[in-house]
Amino acid sequence: MYNDLEKILFTAEEITEKVKGAADWLDKKYSAAQSMPLAVCVLKGSVFFFCDLVRAMRTPVQLDFMTISSYGNGTVSSGKIKIVSDLAASVDGRDVIIIEDIVDTGRTLAGLKRLLFSRGAKSVACVVLADKPSRRETDVNADYRCFTVGDEFIVGYGLDYAQKYRNLPCIGVLKDEIYR
Ligand code: PRP
């Protein structure tokens with residue numbers, strides 16, 4: 001897998017450091033919460049970020065999972081949110097934390113926030129591993145971002161190209177020739 005990378009952007013150690021910062025931010029934000037927040041893992045890309053992040057937190061959180069797909073096997077967002085598998089828990093009256101691997105056009109996050117509020121969520125906060133602000137097509141933003149990246153195709157630590165590279169422990173830029 002490493003041979004397909006143009007460069008490593010963030011090492012596993014740098015990611016761990018940023019995840020700790022995100023956990024501290026969440027701990028502060030929810031320290032006075034009256035009920036346990038619901039942490040939502042947006043599968044599949046967020047799987048490692050979610051697991052590391054909730055384990056770095058001191059605040060108790062309920063865990064839930066949702067599979068949303070927007071890209072298919074390409075590199076450009078289709079703009080549609082497809083709920084492949086839904087949450088098990090009700091979000092009605094809950095503080096919800098969306099844990100995402102990447103915000104690109106923002107359509108997934110915008111659609112998901114809309115959905116959660118329509119289901120009665122009391123509050124929705126989003127923590128994202130990698131933010132690509134230059135690609136935004138909506139006015140939605142994460143409440144906390146670990147890394148801001150340029151318009152590069154990044155893979156690893158959950159992020160894929162055609163379902164590959166998710167299990168790289170670092171985040172790297174994929175060589176053009178792999179996906180062109
Ligand atoms: C990716 C990512 C976000 C979304 C961001 O999901 O995990 O959910 O795209 O893109 P957007 O801001 O343009 O909407 P993807 O559909 O690739 O599924 P995956 O998590 O299984 O990789």
# chains A, B, ... in the order shown; residues from 1 in each chain; ligands from 1
>>> select_by_dssp(residues="chain A", states="strand (DSSP E)", output="ChimeraX atom specification")
/A:5-10,38-43,62-69,82-85,95-103,123-131,144-148,154-155,171-174
>>> write_last_selection(atoms="C-alpha atoms", output="mmCIF file, in the first residue's frame")
data_model
loop_
_atom_site.group_PDB
_atom_site.id
_atom_site.type_symbol
_atom_site.label_atom_id
_atom_site.label_comp_id
_atom_site.auth_asym_id
_atom_site.auth_seq_id
_atom_site.Cartn_x
_atom_site.Cartn_y
_atom_site.Cartn_z
ATOM 1 C CA LEU A 5 1.353 6.868 -1.836
ATOM 2 C CA GLU A 6 2.886 10.039 -3.211
ATOM 3 C CA LYS A 7 3.680 11.113 0.339
ATOM 4 C CA ILE A 8 2.680 10.541 3.943
ATOM 5 C CA LEU A 9 0.750 13.543 5.238
ATOM 6 C CA PHE A 10 0.200 12.528 8.854
ATOM 7 C CA LEU A 38 -24.832 9.664 21.690
ATOM 8 C CA ALA A 39 -21.612 9.266 19.686
ATOM 9 C CA VAL A 40 -22.412 8.339 16.100
ATOM 10 C CA CYS A 41 -19.797 6.571 14.007
ATOM 11 C CA VAL A 42 -20.398 7.264 10.323
ATOM 12 C CA LEU A 43 -19.176 4.063 8.737
ATOM 13 C CA GLN A 62 -23.353 5.863 24.206
ATOM 14 C CA LEU A 63 -22.047 4.399 20.969
ATOM 15 C CA ASP A 64 -24.044 3.949 17.786
ATOM 16 C CA PHE A 65 -23.302 3.292 14.146
ATOM 17 C CA MET A 66 -24.649 4.348 10.803
ATOM 18 C CA THR A 67 -23.464 3.457 7.330
ATOM 19 C CA ILE A 68 -23.788 6.265 4.827
ATOM 20 C CA SER A 69 -22.481 6.034 1.323
ATOM 21 C CA LYS A 82 -27.646 6.835 0.972
ATOM 22 C CA ILE A 83 -28.398 5.343 4.373
ATOM 23 C CA VAL A 84 -27.124 1.797 4.068
ATOM 24 C CA SER A 85 -27.726 0.972 7.720
ATOM 25 C CA ASP A 95 -27.074 15.450 22.439
ATOM 26 C CA VAL A 96 -25.584 13.802 19.365
ATOM 27 C CA ILE A 97 -21.921 13.788 18.357
ATOM 28 C CA ILE A 98 -21.302 12.978 14.701
ATOM 29 C CA ILE A 99 -17.852 11.486 14.226
ATOM 30 C CA GLU A 100 -16.764 11.726 10.589
ATOM 31 C CA ASP A 101 -13.548 10.912 8.790
ATOM 32 C CA ILE A 102 -13.793 13.675 6.177
ATOM 33 C CA VAL A 103 -15.902 16.666 5.223
ATOM 34 C CA SER A 123 -28.072 19.227 19.783
ATOM 35 C CA VAL A 124 -25.724 17.972 17.078
ATOM 36 C CA ALA A 125 -21.968 18.522 17.088
ATOM 37 C CA CYS A 126 -19.580 17.191 14.494
ATOM 38 C CA VAL A 127 -15.975 16.196 15.010
ATOM 39 C CA VAL A 128 -14.069 15.495 11.821
ATOM 40 C CA LEU A 129 -10.686 13.950 11.260
ATOM 41 C CA ALA A 130 -9.884 15.733 7.978
ATOM 42 C CA ASP A 131 -11.557 18.857 6.641
ATOM 43 C CA TYR A 144 -13.968 20.477 15.575
ATOM 44 C CA ARG A 145 -11.423 19.359 12.981
ATOM 45 C CA CYS A 146 -8.191 17.483 13.586
ATOM 46 C CA PHE A 147 -6.556 18.285 10.259
ATOM 47 C CA THR A 148 -7.252 20.704 7.425
ATOM 48 C CA ILE A 154 -6.047 11.166 0.815
ATOM 49 C CA VAL A 155 -6.271 7.601 2.062
ATOM 50 C CA ILE A 171 -2.834 9.244 6.237
ATOM 51 C CA GLY A 172 -1.189 9.718 2.846
ATOM 52 C CA VAL A 173 -1.777 11.272 -0.548
ATOM 53 C CA LEU A 174 -2.577 8.703 -3.216
#
>>> residues_near_ligand(ligand="ligand 1", cutoff="6 Å", atoms="only C-alpha atoms and all ligand atoms", output="PyMOL selection string")
chain A and resi 43-45+69-71+77+101-108+159-160
>>> closest_residue(among="A:Met57, A:Leu115, A:Ala121, A:Lys164", to="A:Ile81", atoms="only C-alpha atoms")
A:Leu115
>>> select_by_dssp(residues="stretch 20-156 of chain A", states="helix (DSSP H, G or I)", output="NGL selection string")
:A and (20-29 or 47-56 or 107-118 or 133-135)
>>> write_last_selection(atoms="N, CA and C atoms", output="short mmCIF file (atom, residue, chain, number, x, y, z; two decimals), in the first residue's frame")
data_model
loop_
_atom_site.label_atom_id
_atom_site.label_comp_id
_atom_site.auth_asym_id
_atom_site.auth_seq_id
_atom_site.Cartn_x
_atom_site.Cartn_y
_atom_site.Cartn_z
N LYS A 20 -6.30 13.02 20.60
CA LYS A 20 -6.30 13.39 22.02
C LYS A 20 -6.87 14.81 22.18
N GLY A 21 -6.49 15.71 21.29
CA GLY A 21 -7.00 17.08 21.33
C GLY A 21 -8.51 17.11 21.12
N ALA A 22 -9.00 16.28 20.20
CA ALA A 22 -10.44 16.22 19.93
C ALA A 22 -11.18 15.65 21.15
N ALA A 23 -10.59 14.66 21.79
CA ALA A 23 -11.21 14.05 22.97
C ALA A 23 -11.29 15.07 24.11
N ASP A 24 -10.24 15.85 24.29
CA ASP A 24 -10.24 16.88 25.34
C ASP A 24 -11.33 17.91 25.06
N TRP A 25 -11.46 18.28 23.79
CA TRP A 25 -12.49 19.26 23.41
C TRP A 25 -13.89 18.71 23.73
N LEU A 26 -14.12 17.46 23.39
CA LEU A 26 -15.42 16.84 23.67
C LEU A 26 -15.65 16.73 25.18
N ASP A 27 -14.62 16.35 25.92
CA ASP A 27 -14.76 16.23 27.38
C ASP A 27 -15.20 17.56 27.99
N LYS A 28 -14.57 18.64 27.52
CA LYS A 28 -14.94 19.96 28.04
C LYS A 28 -16.36 20.31 27.66
N LYS A 29 -16.70 20.06 26.40
CA LYS A 29 -18.01 20.44 25.88
C LYS A 29 -19.14 19.72 26.61
N VAL A 47 -14.32 4.53 11.16
CA VAL A 47 -14.23 3.45 12.14
C VAL A 47 -13.04 3.58 13.09
N PHE A 48 -11.86 3.83 12.58
CA PHE A 48 -10.68 3.88 13.47
C PHE A 48 -10.67 5.17 14.28
N PHE A 49 -11.03 6.27 13.62
CA PHE A 49 -11.10 7.57 14.30
C PHE A 49 -12.10 7.49 15.46
N PHE A 50 -13.24 6.92 15.19
CA PHE A 50 -14.29 6.79 16.21
C PHE A 50 -13.76 5.98 17.40
N CYS A 51 -13.20 4.81 17.13
CA CYS A 51 -12.75 3.93 18.20
C CYS A 51 -11.66 4.60 19.04
N ASP A 52 -10.71 5.25 18.38
CA ASP A 52 -9.63 5.91 19.12
C ASP A 52 -10.15 7.12 19.89
N LEU A 53 -11.06 7.85 19.25
CA LEU A 53 -11.57 9.08 19.88
C LEU A 53 -12.39 8.79 21.13
N VAL A 54 -13.34 7.88 21.05
CA VAL A 54 -14.18 7.64 22.24
C VAL A 54 -13.37 7.02 23.37
N ARG A 55 -12.33 6.26 23.02
CA ARG A 55 -11.50 5.67 24.07
C ARG A 55 -10.56 6.68 24.71
N ALA A 56 -10.32 7.81 24.01
CA ALA A 56 -9.49 8.86 24.60
C ALA A 56 -10.31 9.81 25.46
N ARG A 107 -21.97 17.72 1.78
CA ARG A 107 -23.35 17.24 1.56
C ARG A 107 -23.75 16.14 2.54
N THR A 108 -22.83 15.25 2.82
CA THR A 108 -23.14 14.17 3.76
C THR A 108 -23.44 14.74 5.15
N LEU A 109 -22.56 15.63 5.60
CA LEU A 109 -22.74 16.21 6.93
C LEU A 109 -24.01 17.04 6.99
N ALA A 110 -24.27 17.83 5.95
CA ALA A 110 -25.48 18.66 5.93
C ALA A 110 -26.72 17.77 5.98
N GLY A 111 -26.71 16.72 5.17
CA GLY A 111 -27.86 15.82 5.13
C GLY A 111 -28.06 15.08 6.43
N LEU A 112 -26.96 14.68 7.03
CA LEU A 112 -27.05 13.94 8.29
C LEU A 112 -27.53 14.84 9.43
N LYS A 113 -27.03 16.07 9.48
CA LYS A 113 -27.49 16.99 10.52
C LYS A 113 -28.99 17.25 10.38
N ARG A 114 -29.41 17.47 9.14
CA ARG A 114 -30.85 17.69 8.89
C ARG A 114 -31.66 16.51 9.38
N LEU A 115 -31.19 15.32 9.06
CA LEU A 115 -31.91 14.10 9.45
C LEU A 115 -32.00 13.97 10.97
N LEU A 116 -30.89 14.22 11.66
CA LEU A 116 -30.88 14.04 13.12
C LEU A 116 -31.80 15.07 13.79
N PHE A 117 -31.76 16.31 13.30
CA PHE A 117 -32.66 17.31 13.88
C PHE A 117 -34.12 16.97 13.58
N SER A 118 -34.38 16.44 12.39
CA SER A 118 -35.77 16.08 12.05
C SER A 118 -36.27 14.93 12.93
N PRO A 133 -11.82 22.19 3.20
CA PRO A 133 -12.69 23.36 2.99
C PRO A 133 -12.73 23.84 1.54
N SER A 134 -11.67 23.60 0.77
CA SER A 134 -11.63 24.10 -0.61
C SER A 134 -12.64 23.40 -1.51
N ARG A 135 -13.18 22.28 -1.05
CA ARG A 135 -14.12 21.52 -1.88
C ARG A 135 -15.59 21.73 -1.45
#
>>> atom_distance(atom1="atom CA of A:Met1", atom2="atom CA of A:Arg136")
28.5 Å
